[in-house]
Structures are given as structure tokens and as C-alpha cells.
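Trainee: Just my_file-v4.csv, nothing more (CSV, C-alpha atoms and all ligand atoms):
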```csv
chain,number,residue,atom,x,y,z
M,4,MET,CA,-32.6,-15.6,-50.4
M,5,ASN,CA,-30.8,-12.3,-50.3
M,6,ARG,CA,-32.1,-10.3,-47.4
M,7,LYS,CA,-29.7,-7.4,-48.2
M,8,TYR,CA,-31.6,-6.4,-51.3
M,9,ARG,CA,-35.1,-7.8,-50.9
M,10,LYS,CA,-37.7,-9.1,-48.5
M,11,THR,CA,-38.1,-12.7,-47.6
M,12,VAL,CA,-41.7,-13.7,-47.7
M,13,ILE,CA,-43.4,-16.9,-46.4
M,14,ALA,CA,-47.0,-16.9,-47.6
M,15,GLY,CA,-49.7,-19.5,-47.0
M,16,ASN,CA,-52.4,-20.4,-49.4
M,17,TRP,CA,-55.2,-22.2,-47.7
M,18,LYS,CA,-57.2,-22.8,-50.9
M,19,MET,CA,-60.7,-24.0,-50.0
M,20,ASN,CA,-59.9,-25.2,-46.5
M,21,LYS,CA,-61.0,-24.2,-43.0
M,22,THR,CA,-64.2,-22.5,-41.8
M,23,PRO,CA,-64.2,-19.1,-39.9
M,24,SER,CA,-64.3,-21.0,-36.6
M,25,GLU,CA,-61.4,-23.2,-37.6
M,26,THR,CA,-59.5,-20.0,-38.7
M,27,LYS,CA,-59.9,-18.6,-35.2
M,28,GLU,CA,-58.5,-21.8,-33.7
M,29,PHE,CA,-55.6,-21.9,-36.1
M,30,MET,CA,-54.6,-18.3,-35.5
M,31,THR,CA,-54.7,-18.8,-31.7
M,32,GLN,CA,-52.3,-21.8,-32.1
M,33,LEU,CA,-50.1,-20.0,-34.6
M,34,LYS,CA,-49.8,-16.9,-32.3
M,35,SER,CA,-48.7,-19.1,-29.4
M,36,ILE,CA,-45.8,-20.7,-31.3
M,37,MET,CA,-44.8,-17.9,-33.8
M,38,PRO,CA,-41.1,-17.2,-33.8
M,39,LYS,CA,-40.3,-13.9,-32.0
M,40,GLY,CA,-37.7,-12.5,-34.5
M,41,ARG,CA,-38.5,-10.3,-37.4
M,42,TRP,CA,-36.8,-12.4,-40.1
M,43,CYS,CA,-39.3,-12.4,-42.8
M,44,ASP,CA,-42.7,-11.1,-43.9
M,45,VAL,CA,-45.4,-13.7,-43.2
M,46,ALA,CA,-48.7,-13.8,-45.0
M,47,LEU,CA,-51.7,-16.1,-44.8
M,48,CYS,CA,-54.1,-16.0,-47.8
M,49,VAL,CA,-57.4,-17.5,-46.7
M,50,PRO,CA,-60.9,-18.1,-48.1
M,51,ALA,CA,-62.9,-14.9,-48.4
M,52,VAL,CA,-65.3,-15.8,-45.6
M,53,CYS,CA,-62.4,-16.4,-43.2
M,54,ILE,CA,-60.8,-13.0,-43.8
M,55,PRO,CA,-62.6,-11.2,-41.0
M,56,ALA,CA,-61.7,-13.9,-38.4
M,57,ALA,CA,-58.1,-14.0,-39.6
M,58,VAL,CA,-57.7,-10.2,-39.6
M,59,ARG,CA,-59.2,-9.9,-36.1
M,60,ALA,CA,-57.0,-12.7,-34.7
M,61,MET,CA,-53.8,-11.4,-36.2
M,62,ARG,CA,-54.3,-7.6,-35.7
M,63,GLU,CA,-51.4,-7.1,-33.2
M,64,THR,CA,-49.0,-9.5,-35.0
M,65,ARG,CA,-46.7,-9.3,-38.0
M,66,VAL,CA,-48.8,-11.8,-40.0
M,67,GLY,CA,-50.5,-10.1,-42.9
M,68,ILE,CA,-53.8,-11.5,-44.2
M,69,GLY,CA,-54.5,-12.0,-47.8
M,70,ALA,CA,-57.2,-13.2,-50.2
M,71,GLU,CA,-56.9,-16.0,-52.8
M,72,ASN,CA,-58.4,-14.1,-55.7
M,73,CYS,CA,-60.0,-10.7,-56.6
M,74,ASN,CA,-62.0,-9.2,-59.4
M,75,ALA,CA,-60.4,-6.5,-61.5
M,76,ASN,CA,-63.5,-4.3,-61.6
M,77,ALA,CA,-64.1,-1.7,-59.0
M,78,SER,CA,-67.8,-2.6,-58.5
M,79,GLY,CA,-70.9,-3.7,-60.4
M,80,ALA,CA,-72.9,-6.7,-61.7
M,81,TYR,CA,-70.4,-9.4,-60.9
M,82,THR,CA,-72.3,-11.8,-58.7
M,83,GLY,CA,-70.1,-13.7,-56.3
M,84,GLU,CA,-67.0,-11.7,-57.0
M,85,ILE,CA,-64.9,-9.5,-54.6
M,86,ALA,CA,-63.3,-6.2,-55.6
M,87,THR,CA,-59.9,-5.1,-54.4
M,88,ASN,CA,-61.2,-2.2,-52.4
M,89,MET,CA,-63.5,-4.6,-50.5
M,90,LEU,CA,-60.4,-6.7,-49.6
M,91,VAL,CA,-58.5,-3.6,-48.4
M,92,ASP,CA,-61.5,-2.5,-46.3
M,93,ALA,CA,-61.7,-6.0,-44.8
M,94,GLY,CA,-58.1,-5.7,-43.7
M,95,CYS,CA,-56.2,-7.6,-46.4
M,96,LYS,CA,-52.7,-6.8,-47.4
M,97,TYR,CA,-52.1,-9.4,-50.0
M,98,VAL,CA,-53.9,-11.1,-52.8
M,99,ILE,CA,-52.9,-14.2,-54.7
M,100,ILE,CA,-53.4,-13.7,-58.5
M,101,GLY,CA,-53.2,-16.2,-61.3
M,102,HIS,CA,-52.8,-19.4,-59.2
M,103,SER,CA,-52.7,-22.4,-61.6
M,104,GLU,CA,-55.9,-23.8,-60.0
M,105,ARG,CA,-57.7,-20.6,-61.1
M,106,ARG,CA,-56.0,-20.6,-64.5
M,107,ALA,CA,-57.4,-24.1,-64.9
M,108,MET,CA,-60.8,-22.6,-64.3
M,109,GLY,CA,-60.3,-20.3,-67.3
M,110,GLU,CA,-58.4,-17.4,-66.0
M,111,THR,CA,-56.2,-15.9,-68.8
M,112,ASP,CA,-53.0,-13.9,-68.7
M,113,ALA,CA,-55.1,-10.9,-69.6
M,114,ASP,CA,-57.3,-11.5,-66.5
M,115,VAL,CA,-54.2,-11.9,-64.4
M,116,ASN,CA,-52.8,-8.7,-65.7
M,117,ALA,CA,-56.0,-6.7,-65.0
M,118,LYS,CA,-56.1,-8.1,-61.5
M,119,VAL,CA,-52.5,-7.3,-60.8
M,120,LEU,CA,-53.1,-3.7,-61.9
M,121,ALA,CA,-56.3,-3.4,-59.8
M,122,ALA,CA,-54.6,-4.9,-56.7
M,123,LEU,CA,-51.7,-2.4,-57.0
M,124,GLU,CA,-54.1,0.5,-57.5
M,125,ALA,CA,-55.9,-0.5,-54.3
M,126,GLY,CA,-52.7,-0.7,-52.4
M,127,LEU,CA,-52.6,-4.5,-52.1
M,128,THR,CA,-49.5,-6.6,-52.6
M,129,PRO,CA,-50.2,-9.0,-55.5
M,130,ILE,CA,-48.6,-12.4,-55.3
M,131,MET,CA,-48.6,-13.2,-59.0
M,132,CYS,CA,-48.3,-16.9,-59.8
M,133,CYS,CA,-46.7,-18.5,-62.8
M,134,GLY,CA,-45.7,-22.0,-63.6
M,135,GLU,CA,-45.4,-24.7,-66.3
M,136,SER,CA,-47.1,-28.0,-66.7
M,137,LEU,CA,-45.2,-31.3,-66.7
M,138,GLU,CA,-45.7,-31.6,-70.5
M,139,GLN,CA,-44.3,-28.1,-71.0
M,140,ARG,CA,-41.3,-28.9,-68.8
M,141,GLU,CA,-40.6,-32.2,-70.7
M,142,SER,CA,-40.9,-30.5,-74.0
M,143,GLY,CA,-38.2,-28.0,-73.0
M,144,ILE,CA,-40.3,-24.8,-73.2
M,145,THR,CA,-40.4,-23.9,-69.4
M,146,GLU,CA,-38.2,-20.8,-69.8
M,147,GLU,CA,-40.1,-19.2,-72.6
M,148,TRP,CA,-43.5,-20.1,-71.1
M,149,ILE,CA,-42.7,-18.5,-67.8
M,150,ALA,CA,-41.2,-15.4,-69.5
M,151,MET,CA,-44.4,-15.0,-71.5
M,152,GLN,CA,-46.5,-15.3,-68.3
M,153,ILE,CA,-44.4,-12.7,-66.6
M,154,LYS,CA,-44.4,-10.3,-69.5
M,155,LEU,CA,-48.2,-10.5,-70.0
M,156,GLY,CA,-49.0,-10.5,-66.2
M,157,LEU,CA,-46.9,-7.4,-65.6
M,158,ALA,CA,-48.0,-5.4,-68.7
M,159,GLY,CA,-48.6,-1.8,-67.7
M,160,VAL,CA,-47.1,-2.1,-64.2
M,161,SER,CA,-45.0,1.0,-63.7
M,162,GLU,CA,-41.4,1.3,-62.6
M,163,GLU,CA,-42.7,2.8,-59.3
M,164,LYS,CA,-45.0,-0.1,-58.6
M,165,ILE,CA,-43.0,-3.2,-59.8
M,166,ARG,CA,-41.2,-3.6,-56.4
M,167,LYS,CA,-44.6,-4.1,-54.7
M,168,VAL,CA,-45.3,-7.2,-56.8
M,169,ILE,CA,-44.3,-10.6,-55.4
M,170,ILE,CA,-43.9,-13.3,-58.1
M,171,ALA,CA,-44.5,-16.9,-57.1
M,172,TYR,CA,-43.0,-19.6,-59.3
M,173,GLU,CA,-45.2,-22.7,-58.9
M,174,PRO,CA,-44.5,-25.6,-61.3
M,175,ILE,CA,-48.0,-27.1,-61.8
M,176,TRP,CA,-46.6,-30.6,-61.5
M,177,ALA,CA,-45.4,-29.9,-58.0
M,178,ILE,CA,-48.5,-28.3,-56.5
M,179,GLY,CA,-50.3,-30.6,-54.0
M,180,THR,CA,-48.5,-33.6,-55.4
M,181,GLY,CA,-45.7,-34.1,-52.9
M,182,ARG,CA,-43.3,-33.9,-55.8
M,183,THR,CA,-41.1,-30.8,-55.1
M,184,ALA,CA,-38.9,-29.2,-57.7
M,185,THR,CA,-35.3,-29.7,-56.8
M,186,PRO,CA,-33.6,-26.6,-55.4
M,187,GLU,CA,-31.6,-26.4,-58.6
M,188,GLN,CA,-34.7,-26.6,-60.8
M,189,ALA,CA,-36.5,-24.0,-58.8
M,190,GLU,CA,-33.4,-21.7,-58.7
M,191,GLU,CA,-32.9,-22.0,-62.4
M,192,VAL,CA,-36.5,-20.7,-63.1
M,193,CYS,CA,-36.5,-18.1,-60.4
M,194,GLU,CA,-33.2,-16.7,-61.7
M,195,GLY,CA,-34.8,-16.7,-65.2
M,196,ILE,CA,-37.7,-14.7,-63.8
M,197,ARG,CA,-35.4,-12.2,-62.3
M,198,ALA,CA,-33.6,-11.8,-65.7
M,199,VAL,CA,-37.0,-11.1,-67.3
M,200,VAL,CA,-37.8,-8.4,-64.7
M,201,ARG,CA,-34.3,-7.0,-65.4
M,202,LYS,CA,-35.0,-6.7,-69.1
M,203,LEU,CA,-38.5,-5.2,-68.6
M,204,TYR,CA,-37.5,-2.8,-65.8
M,205,SER,CA,-33.9,-2.4,-64.5
M,206,SER,CA,-31.2,-4.3,-62.6
M,207,LYS,CA,-32.1,-2.4,-59.5
M,208,ASN,CA,-35.8,-3.4,-59.7
M,209,ALA,CA,-34.8,-7.0,-60.5
M,210,ARG,CA,-32.5,-7.1,-57.5
M,211,ALA,CA,-35.3,-5.8,-55.3
M,212,ILE,CA,-38.3,-7.9,-56.3
M,213,SER,CA,-39.2,-11.0,-54.1
M,214,ILE,CA,-39.6,-14.2,-56.0
M,215,LEU,CA,-41.1,-17.2,-54.2
M,216,TYR,CA,-41.2,-20.9,-54.9
M,217,GLY,CA,-44.3,-22.9,-54.4
M,218,GLY,CA,-45.1,-26.6,-54.9
M,219,SER,CA,-45.1,-29.1,-52.1
M,220,MET,CA,-42.7,-26.9,-50.0
M,221,ASN,CA,-42.8,-28.2,-46.5
M,222,GLU,CA,-40.9,-28.2,-43.2
M,223,LYS,CA,-38.4,-30.7,-44.5
M,224,ASN,CA,-37.4,-29.3,-47.8
M,225,ALA,CA,-37.8,-25.5,-47.1
M,226,TYR,CA,-34.3,-25.0,-45.8
M,227,GLU,CA,-32.6,-26.2,-48.9
M,228,LEU,CA,-35.0,-24.4,-51.3
M,229,LEU,CA,-34.7,-21.1,-49.3
M,230,ALA,CA,-30.9,-21.4,-49.4
M,231,GLN,CA,-31.0,-20.7,-53.2
M,232,PRO,CA,-29.9,-17.1,-54.0
M,233,ASP,CA,-33.0,-16.3,-56.2
M,234,ILE,CA,-35.6,-17.9,-54.0
M,235,ASP,CA,-36.9,-15.3,-51.6
M,236,GLY,CA,-39.5,-17.3,-49.8
M,237,GLY,CA,-42.3,-19.7,-50.3
M,238,LEU,CA,-46.0,-19.9,-51.3
M,239,ILE,CA,-47.2,-22.8,-49.3
M,240,GLY,CA,-50.4,-24.8,-49.7
M,241,GLY,CA,-50.8,-28.0,-47.6
M,242,ALA,CA,-48.1,-27.2,-45.0
M,243,SER,CA,-49.7,-23.8,-44.2
M,244,LEU,CA,-52.8,-25.6,-42.8
M,245,VAL,CA,-50.8,-26.9,-39.8
M,246,PRO,CA,-49.4,-24.2,-37.5
M,247,GLU,CA,-46.4,-26.3,-36.4
M,248,LYS,CA,-45.4,-27.0,-40.0
M,249,PHE,CA,-45.9,-23.4,-41.1
M,250,VAL,CA,-43.8,-22.1,-38.2
M,251,GLN,CA,-41.0,-24.5,-39.1
M,252,ILE,CA,-41.0,-23.1,-42.6
M,253,ILE,CA,-40.8,-19.6,-41.2
M,254,GLU,CA,-37.9,-20.7,-39.1
M,255,ALA,CA,-36.2,-22.2,-42.2
M,256,ALA,CA,-36.3,-18.6,-43.6
M,257,ASN,CA,-34.0,-17.6,-40.7
M,258,GLN,CA,-30.8,-18.8,-42.2
M,259,PRO,CA,-27.7,-17.0,-43.2
M,260,THR,CA,-27.9,-15.6,-46.7
M,261,VAL,CA,-25.5,-14.6,-49.4
H,301,LIG,C1,-50.2,-23.8,-53.6
H,301,LIG,O1,-51.4,-24.0,-53.6
H,301,LIG,O2,-49.9,-22.6,-54.0
H,301,LIG,C2,-49.2,-24.8,-53.3
H,301,LIG,C3,-47.9,-24.5,-53.5
H,301,LIG,O3,-49.7,-25.9,-52.7
H,301,LIG,P1,-48.8,-27.1,-52.0
H,301,LIG,O4,-47.8,-26.5,-51.1
H,301,LIG,O5,-49.8,-27.9,-51.3
H,301,LIG,O6,-48.2,-27.9,-53.1
```
Would you give me this structure, written as C-alpha cells?
Ligand code: PEP

Mentor:
Amino acid sequence: MNRKYRKTVIAGNWKMNKTPSETKEFMTQLKSIMPKGRWCDVALCVPAVCIPAAVRAMRETRVGIGAENCNANASGAYTGEIATNMLVDAGCKYVIIGHSERRAMGETDADVNAKVLAALEAGLTPIMCCGESLEQRESGITEEWIAMQIKLGLAGVSEEKIRKVIIAYEPIWAIGTGRTATPEQAEEVCEGIRAVVRKLYSSKNARAISILYGGSMNEKNAYELLAQPDIDGGLIGGASLVPEKFVQIIEAANQPTV
């Protein structure tokens, strides 16, 4: 982390877990144990049907609610889809885009790019995910794969808007597996992502953009991961479903930085 130049962000990704009633219960518990200081931005990205309950519960708090996906079109014949302006109207501040679980369902880099542009246009903060498979890592192409995902995902994002984008590095082999990247592995890729942003934009923008790590981050390994200079927070799946664990990760973000 480097709080002098950029925001620290702890974001939860609930995936397909919890009902609206369970959301209300979770938020009540979270509010009662939430650290008081203003150390980092906190986001919870929840299933679409849970958004109203989450927004209602967290209205007076510093926790921003987000969605887990969006459609890039403004409106129309897209049965089952949700447009970015609908998310804004529902009270969302964030949207996860290009999670590997969605990419596995067929989402392409072009889709990710269209969604990032639509989210920015609507005033949402996109959390754009990238990450390599184990096979790609073992064949030594992680760096170029991630660089390609970043370039394609950010195509057409202006100099003015780039700082609104949050990038989440999530090695696919670490998501939901309990196998976390080492702090060194995660730092190496996050540093590489910042270098790509520097080339595409400028040093100032690269210094200002928040890059998160995701992949089995939990209350035990968060401190060490967040101590890395280019890891500005976490995108957390499993551990964000338990208020106590999520709060401990937020607390790990309250450490001295470089
Ligand atoms: C995720 O879903 O983005 C994620 C990182 O999951 P987990 O923390 O459970 O690995």
C-alpha cells in the first residue's frame, strides 16, 4: 500500500451467496464491529437482489455497495441483464467487471472493455479483474497475459477517467482454492500492472491508481499481502461472507505504509 498517493480499498465479492434477509443480518453484525477509523475505502459487492437491502442497511456508513456484474448497454432487449444506470439508481457505487468466473462463462476482453466504459460513463467505480491460469503461470506467460488483459480492458478509457478504475489482480489458481499467491508473487504482478498503466497513461496516473490482490486473501495472510508497496487492497471472496473475518482484513489495512 502507499496511502500517500492512492486509496486503499478492501472490497468483498459475495458471488452467489446470501439472500436479502441474510444480507440484512450480515450488515447489522458488520456495523456493530466495524472499525471506527477512516483507514481505507470499504466496498461490498453483492448479488443483484441483495443490493436494496445492503444499500438500506449501510446508508449512514462508509461502506459502499457494489454489483458483481453489469451489462454495457443502456437499455433494451437483454432479458435478465442489469444496466449501469439501474445500479446507480439502486444505490451502487462499485461494480466488479471481468471476474474470472464470468470470463469462464464466456465474457471476452471486448465485453470487459465495454462494461468498464459503461460503468465509468454512469459514474460507477469499476473493479476490473485480471488474472492468469495455473497453466499460463507455469508456462511463463503471466506478465504478457496480464498486460494484454489490462490493455484490452482499458481501451478507450480517457486520461481523466483512468484514476476512477480499480484493477484487481486475481490469479485464477488462487481463487476459492485456499492457495494464496505469495506476497512476492502478488507484488511482482501488481508492480507489472502499474508499469503497464504508466506506459498507457503517465507516471502520475500509474502512481494514483489502486491495484488490489484477490485470491484466498483472509484475516491471516492479509497483513503481509497488504504490506507490499504495489498492493493497495484486496478483493475478497470467501472471507467477506463472515463479518468478523472481513473486519480483520479491514484492520490489516491499517498498517504503516511506505
Ligand atoms: C474472488 O471471488 O474474487 C475471490 C478472490 O475469492 P476468494 O477470496 O474466495 O478466493

Trainee: Which neighbours of Lys118 in chain M fall inside 8 Å, counting all atoms listed in the file, when residues of the same chain fewer than 2 positions from it are skipped, and could you give them as a list in words?

Mentor: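 Surrounding residues, per the criterion: Cys73, Asn74, Ala75, Ile100, Asp114, Val115, Asn116, Leu120, Ala121 and Ala122 of chain M.
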
Trainee: If I take CA of Ala256 in chain M and CA of Gly40 in chain M, how far is one from the other in Å, to one decimal?

Mentor: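 Interatomic distance here is 11.0 Å.
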
Trainee: Can you work out which residues are within 9 Å of ligand LIG 301 (chain H), considering all atoms listed in the file, and then hand them over as a ChimeraX atom specification?

Mentor: /M:15-18,99,102-104,132,171,173-183,216-221,237-243

Trainee: At what distance in Å, to one decimal, does CA of Ala230 in chain M lie from CA of Thr185 in chain M?

Mentor: 12.0 Å

Trainee: Between M:Lys207, M:Glu147, M:Glu227, M:Gly159, which is the closest to Glu190 in chain M once you count all atoms listed in the file?

Mentor: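 Distance minimum relative to Glu190 in chain M lands on M:Glu227.
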
Trainee: Point out the residue among M:Ala255, M:Ala60, M:Met131, M:Ala158 with the least atom-to-atom distance to Tyr97 in chain M, counting all atoms listed in the file.

Mentor: M:Met131

Trainee: Excluding Val160 in chain M and any residue of its chain fewer than 5 positions from it, enumerate the residues within 12 Å of it, using all atoms listed in the file, and give them as a PDB file with C-alpha atoms, keeping the file's coordinate frame.

Mentor:
```pdb
ATOM      1  CA  ASN M 116     -52.800  -8.700 -65.700  1.00  0.00           C
ATOM      2  CA  ALA M 117     -56.000  -6.700 -65.000  1.00  0.00           C
ATOM      3  CA  LYS M 118     -56.100  -8.100 -61.500  1.00  0.00           C
ATOM      4  CA  VAL M 119     -52.500  -7.300 -60.800  1.00  0.00           C
ATOM      5  CA  LEU M 120     -53.100  -3.700 -61.900  1.00  0.00           C
ATOM      6  CA  ALA M 121     -56.300  -3.400 -59.800  1.00  0.00           C
ATOM      7  CA  ALA M 122     -54.600  -4.900 -56.700  1.00  0.00           C
ATOM      8  CA  LEU M 123     -51.700  -2.400 -57.000  1.00  0.00           C
ATOM      9  CA  GLU M 124     -54.100   0.500 -57.500  1.00  0.00           C
ATOM     10  CA  PRO M 129     -50.200  -9.000 -55.500  1.00  0.00           C
ATOM     11  CA  ILE M 153     -44.400 -12.700 -66.600  1.00  0.00           C
ATOM     12  CA  LYS M 154     -44.400 -10.300 -69.500  1.00  0.00           C
ATOM     13  CA  LEU M 155     -48.200 -10.500 -70.000  1.00  0.00           C
ATOM     14  CA  ILE M 165     -43.000  -3.200 -59.800  1.00  0.00           C
ATOM     15  CA  ARG M 166     -41.200  -3.600 -56.400  1.00  0.00           C
ATOM     16  CA  LYS M 167     -44.600  -4.100 -54.700  1.00  0.00           C
ATOM     17  CA  VAL M 168     -45.300  -7.200 -56.800  1.00  0.00           C
ATOM     18  CA  VAL M 200     -37.800  -8.400 -64.700  1.00  0.00           C
ATOM     19  CA  LEU M 203     -38.500  -5.200 -68.600  1.00  0.00           C
ATOM     20  CA  TYR M 204     -37.500  -2.800 -65.800  1.00  0.00           C
TER      21      TYR M 204
END
```

Trainee: Would you mind telling me which residue in M:Ile68, M:Cys193, M:Ala107, M:Ala198 lies nearest to Pro55 in chain M when using only C-alpha atoms?

Mentor: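 Among M:Ile68, M:Cys193, M:Ala107, M:Ala198, it is M:Ile68 that comes nearest to Pro55 in chain M.
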
Trainee: Report the distance between CA of Ala80 in chain M and CA of Cys53 in chain M in Å, rounded to one decimal place.

Mentor: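 Here the two named atoms are 23.4 Å from each other.
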
Trainee: Taking all atoms listed in the file into account, which of M:Ala51, M:Leu127, M:Tyr8, M:Pro246 comes nearest Ile85 in chain M?

Mentor: M:Ala51

Trainee: Considering all atoms listed in the file, state which residue in the set M:Asp44, M:Glu146, M:Glu162, M:Glu28 is at the smallest distance from Arg9 in chain M.

Mentor: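 Of M:Asp44, M:Glu146, M:Glu162, M:Glu28, the one nearest Arg9 in chain M is M:Asp44, counting all atoms listed in the file.
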
Trainee: Would you list the contacts of Thr31 in chain M as a list in words, taking every protein, DNA or RNA residue within 12 Å and counting only C-alpha atoms, but skipping same-chain residues closer than 2 positions in sequence?

Mentor: Ser24, Glu25, Thr26, Lys27, Glu28, Phe29, Leu33, Lys34, Ser35, Ile36, Met37, Ala56, Ala57, Arg59, Ala60, Met61, Arg62, Thr64 and Pro246 of chain M

Trainee: Selection from above, C-alpha atoms, as a PDB file, in the frame of the given file, can you write it?

Mentor:
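out-v2.pdb written:
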```
ATOM      1  CA  SER M  24     -64.300 -21.000 -36.600  1.00  0.00           C
ATOM      2  CA  GLU M  25     -61.400 -23.200 -37.600  1.00  0.00           C
ATOM      3  CA  THR M  26     -59.500 -20.000 -38.700  1.00  0.00           C
ATOM      4  CA  LYS M  27     -59.900 -18.600 -35.200  1.00  0.00           C
ATOM      5  CA  GLU M  28     -58.500 -21.800 -33.700  1.00  0.00           C
ATOM      6  CA  PHE M  29     -55.600 -21.900 -36.100  1.00  0.00           C
ATOM      7  CA  LEU M  33     -50.100 -20.000 -34.600  1.00  0.00           C
ATOM      8  CA  LYS M  34     -49.800 -16.900 -32.300  1.00  0.00           C
ATOM      9  CA  SER M  35     -48.700 -19.100 -29.400  1.00  0.00           C
ATOM     10  CA  ILE M  36     -45.800 -20.700 -31.300  1.00  0.00           C
ATOM     11  CA  MET M  37     -44.800 -17.900 -33.800  1.00  0.00           C
ATOM     12  CA  ALA M  56     -61.700 -13.900 -38.400  1.00  0.00           C
ATOM     13  CA  ALA M  57     -58.100 -14.000 -39.600  1.00  0.00           C
ATOM     14  CA  ARG M  59     -59.200  -9.900 -36.100  1.00  0.00           C
ATOM     15  CA  ALA M  60     -57.000 -12.700 -34.700  1.00  0.00           C
ATOM     16  CA  MET M  61     -53.800 -11.400 -36.200  1.00  0.00           C
ATOM     17  CA  ARG M  62     -54.300  -7.600 -35.700  1.00  0.00           C
ATOM     18  CA  THR M  64     -49.000  -9.500 -35.000  1.00  0.00           C
ATOM     19  CA  PRO M 246     -49.400 -24.200 -37.500  1.00  0.00           C
TER      20      PRO M 246
END
```

Trainee: How would you write as a PyMOL selection string the residues that get within 12 Å of (-44.8, -23.3, -70.0) in the file's frame, counting only C-alpha atoms?

Mentor: chain M and resi 103+133-153+172-176+192

Trainee: Counting all atoms listed in the file, write as a list in words all protein and nucleic acid residues lying at most 10 Å from (-64.4, -5.8, -53.8) in the file's frame.

Mentor: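 Residues with an atom at most 10 Å from (-64.4, -5.8, -53.8): Cys73, Asn74, Ala75, Asn76, Ala77, Ser78, Gly79, Tyr81, Glu84, Ile85, Ala86, Thr87, Asn88, Met89, Leu90, Val91, Asp92 and Ala93 of chain M.
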
Trainee: Closest to Val49 in chain M among M:Leu157, M:Ile196, M:Leu244, M:Ile253, using only C-alpha atoms?

Mentor: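 Of the candidates, the smallest distance to Val49 in chain M is held by M:Leu244.
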
Trainee: With a distance cut-off of 7 Å and all atoms listed in the file, select the neighbouring residues of Leu229 in chain M, excluding the residue or stretch itself and same-chain residues fewer than 5 positions from it, and output the selection as a PyMOL selection string.

Mentor: chain M and resi 4+234-236+256

Trainee: Any chance you can output those residues with C-alpha atoms as an mmCIF file, in the coordinates of the input?

Mentor:
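Output contents, as saved in out07.cif:
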```
data_model
loop_
_atom_site.group_PDB
_atom_site.id
_atom_site.type_symbol
_atom_site.label_atom_id
_atom_site.label_comp_id
_atom_site.auth_asym_id
_atom_site.auth_seq_id
_atom_site.Cartn_x
_atom_site.Cartn_y
_atom_site.Cartn_z
ATOM 1 C CA MET M 4 -32.600 -15.600 -50.400
ATOM 2 C CA ILE M 234 -35.600 -17.900 -54.000
ATOM 3 C CA ASP M 235 -36.900 -15.300 -51.600
ATOM 4 C CA GLY M 236 -39.500 -17.300 -49.800
ATOM 5 C CA ALA M 256 -36.300 -18.600 -43.600
#
```
